Amino acid sequence: MEHSHRYHAYPTEEVAERLEHHIDVHRQLYNHVHWDYKNIPGDEKLSEYDQNNKLPEWKRKWPLFSELYSKAAQATIARFHRNLTSLKELKNNERKVGKLKRQAPSEYRSVTYNQSGFDLDEKRGRSRYAFVRFSKIGWVKIRYHRPLPEHTTIKEVTFKKERTGEWFVSFGLETDDEHVPEKPSVDSLNTTNSVGIDLGILNYIHTSDGTTVDWLGLEDEYERLRREQRKLSRKQKGSNNYEGQRREVAKVKRHIRRKVLDYQHKITTLLLHKYDAVFVENLNVTEMLRDDGNARNKQDAAWRQFITLLEYKGDLHGTHVVQVEARGTTKKCASCGVETKKPIWVREHSCPSCGFETDRDANAAMNILQRGFSELGLGWPESTPVETVTATDTDDFRRVSARHVVETGSLEA
Ligand SMILES: [Zn+2]
């Protein structure tokens, strides 16, 4: 199983200079690979293998390329061919795409070491820090906030300089399949070890067994973002001040993204530890891509990230994660199945047909749980589903604050 871990990096000034130099030489190599590919006469296009074979000749001709670690140079050639392939795939899907471009310094920001040429020293740093060595460059300190899992092989390591000037190191990992915990058998799933999750409007999530988790408060961060953006709007475009301020804005945005990601990591880990199966609504991706840029769209992107995390960590933890059709989960009564129209401001579910009453999102979460069971081919285990799932009185919901999640790493209120 493949996955990845990413860490903040703190190279010394001297090493940072070398990292930057290597990024730039790799960029030149990438552009050369591009040029070489385009300008070869005849119909026969060069393969990645062909161009790898040309590497020694290029090094003789341009000694600059000899400064690079060989495997890393090959990874850069591989990067070009990967980009080529994904461009072709997009074209085959009849998407409008441009051509591969030469990479300008502002666009080319990372280098990958594949299979060899790197070491990880977990002990050398003080606790919470570790060191990574890149051949021909040197040691780089990273904030090692979560250690690599056991039984994991590092397949590749990438260093990257973000637009904000911050450095990151990420590890491409492979965990031996025999060490990935097996998911419990589907037959063992029931309403006590499985959960439906409603992705919230009022709450971040609402679970089918009656826990609500609050939104992460980001008011201060957004206020700061607005302030920095206002400052940016007053600067002259293209001036040095403008560039500096643009970086400030990027830094705040990054900070917000990281905080959200961290929060999502915490919640997903808690869910995966607590349950054998987690069911979540399926977000409509095509609809999401349609109108870009609005606030709703950004939240959808964040939910997509949440679901992706949940799925990928589910495989690592041995927990079933299943997406179910979201349509109608709000309208449908979780107790009798009758659909009732419900405008967004109606927070209660009160069924005219069977009289079942609960919170709107709790009802949706219960429907998601039911759909998850049927998706796995399981019948609904009880004849009176809802009563077995949760107390229906809204006062009985366990409300967990975002702060509690962040500070204690627990969903138990
Ligand atoms: Zn009903």
# chains A, B, ... in the order shown; residues from 1 in each chain; ligands from 1
$ residues_near_ligand --ligand "ligand 1" --cutoff "12 Å" --atoms "only C-alpha atoms and all ligand atoms" --output "list of chain:residue names"
A:Lys331, A:Lys332, A:Cys333, A:Ala334, A:Ser335, A:Cys336, A:Gly337, A:Val338, A:Glu339, A:Thr340, A:His349, A:Ser350, A:Cys351, A:Pro352, A:Ser353, A:Cys354, A:Gly355, A:Phe356, A:Glu357, A:Thr358, A:Asn363, A:Asn367, A:Thr384, A:Pro385, A:Val386
$ write_last_selection --atoms "C-alpha atoms" --output "compact mmCIF listing (two decimals), in the first residue's frame"
# COMPACT_ATOMS: atom_id res chain seq x y z
CA LYS A 331 -35.56 14.59 3.09
CA LYS A 332 -36.07 10.94 3.81
CA CYS A 333 -37.29 9.86 7.23
CA ALA A 334 -34.75 7.48 8.76
CA SER A 335 -37.54 5.68 10.58
CA CYS A 336 -40.20 5.06 7.94
CA GLY A 337 -38.60 6.16 4.67
CA VAL A 338 -41.20 8.74 3.69
CA GLU A 339 -39.75 11.83 2.02
CA THR A 340 -40.67 15.30 3.17
CA HIS A 349 -36.79 16.45 11.31
CA SER A 350 -40.40 15.82 12.20
CA CYS A 351 -42.01 13.10 10.16
CA PRO A 352 -45.69 13.70 9.25
CA SER A 353 -46.07 10.03 8.46
CA CYS A 354 -44.66 8.18 11.48
CA GLY A 355 -44.07 11.00 13.93
CA PHE A 356 -40.33 10.41 14.27
CA GLU A 357 -38.60 13.55 15.49
CA THR A 358 -34.94 14.36 15.66
CA ASN A 363 -31.72 12.03 10.57
CA ASN A 367 -29.93 7.47 6.57
CA THR A 384 -37.12 -0.38 14.69
CA PRO A 385 -33.87 1.09 13.42
CA VAL A 386 -33.90 4.56 14.78
$ select_by_dssp --residues "range 158-228 of chain A" --states "alpha helix (DSSP H)" --output "ChimeraX atom specification"
/A:219-228
$ write_last_selection --atoms "C-alpha atoms" --output "compact mmCIF listing (two decimals), in the first residue's frame"
# COMPACT_ATOMS: atom_id res chain seq x y z
CA GLU A 219 -12.37 33.80 12.61
CA ASP A 220 -9.02 35.28 13.67
CA GLU A 221 -7.22 33.69 10.74
CA TYR A 222 -9.80 34.91 8.22
CA GLU A 223 -9.70 38.36 9.73
CA ARG A 224 -5.93 38.38 9.30
CA LEU A 225 -6.33 37.15 5.72
CA ARG A 226 -8.74 39.99 4.91
CA ARG A 227 -6.33 42.48 6.46
CA GLU A 228 -3.38 41.22 4.42
$ closest_residue --among "A:Gly138, A:Lys61, A:Gln28, A:Leu120" --to "Glu14 in chain A" --atoms "only C-alpha atoms"
A:Gly138
$ atom_distance --atom1 "CA of Ser239 in chain A" --atom2 "CA of Ala104 in chain A"
19.4 Å
$ residues_around --residues "Thr112 in chain A" --least-positions-apart "2" --cutoff "10 Å" --atoms "only C-alpha atoms" --output "compact mmCIF listing (two decimals) with N, CA and C atoms, in the first residue's frame"
# COMPACT_ATOMS: atom_id res chain seq x y z
N ILE A 23 17.34 22.52 -7.31
CA ILE A 23 16.02 22.69 -7.94
C ILE A 23 16.19 23.38 -9.29
N HIS A 26 17.78 21.02 -11.85
CA HIS A 26 16.76 20.04 -12.26
C HIS A 26 15.76 20.67 -13.22
N LYS A 71 20.13 9.30 -9.80
CA LYS A 71 18.77 8.77 -9.68
C LYS A 71 17.74 9.90 -9.65
N ALA A 72 18.17 11.03 -9.05
CA ALA A 72 17.26 12.17 -8.98
C ALA A 72 17.07 12.76 -10.37
N ALA A 73 18.16 12.78 -11.16
CA ALA A 73 18.06 13.27 -12.53
C ALA A 73 17.12 12.38 -13.33
N GLN A 74 17.21 11.08 -13.10
CA GLN A 74 16.29 10.17 -13.79
C GLN A 74 14.84 10.41 -13.37
N ALA A 75 14.68 10.75 -12.10
CA ALA A 75 13.31 11.03 -11.62
C ALA A 75 12.74 12.27 -12.31
N THR A 76 13.63 13.22 -12.65
CA THR A 76 13.18 14.43 -13.34
C THR A 76 12.77 14.10 -14.78
N ARG A 79 9.51 12.60 -14.51
CA ARG A 79 8.48 13.60 -14.27
C ARG A 79 7.95 14.17 -15.58
N SER A 110 10.28 21.70 -6.87
CA SER A 110 10.60 20.51 -6.09
C SER A 110 11.50 19.53 -6.84
N ASN A 114 14.59 9.25 -5.84
CA ASN A 114 13.87 8.00 -5.96
C ASN A 114 14.76 6.82 -5.59
N GLN A 115 14.29 5.97 -4.70
CA GLN A 115 14.96 4.72 -4.33
C GLN A 115 16.27 4.85 -3.56
N PHE A 134 20.26 14.36 1.74
CA PHE A 134 20.15 14.19 0.29
C PHE A 134 21.57 14.15 -0.28
N GLU A 156 10.52 7.10 -2.04
CA GLU A 156 11.12 8.32 -2.57
C GLU A 156 10.96 9.46 -1.59
N VAL A 157 11.83 10.46 -1.75
CA VAL A 157 11.75 11.64 -0.88
C VAL A 157 11.79 12.88 -1.77
N THR A 158 10.90 13.82 -1.49
CA THR A 158 10.83 15.04 -2.28
C THR A 158 11.07 16.25 -1.40
N PHE A 159 11.94 17.15 -1.85
CA PHE A 159 12.01 18.43 -1.13
C PHE A 159 11.40 19.51 -2.00
N LYS A 160 10.74 20.47 -1.33
CA LYS A 160 10.00 21.47 -2.06
C LYS A 160 10.08 22.81 -1.36
N VAL A 169 9.56 18.56 3.23
CA VAL A 169 10.09 17.29 2.75
C VAL A 169 8.96 16.28 2.84
N SER A 170 8.69 15.57 1.75
CA SER A 170 7.67 14.52 1.87
C SER A 170 8.21 13.17 1.43
N PHE A 171 7.73 12.16 2.12
CA PHE A 171 8.17 10.79 1.89
C PHE A 171 7.08 10.01 1.16
N GLY A 172 7.43 9.39 0.06
CA GLY A 172 6.53 8.44 -0.58
C GLY A 172 6.79 7.09 0.05
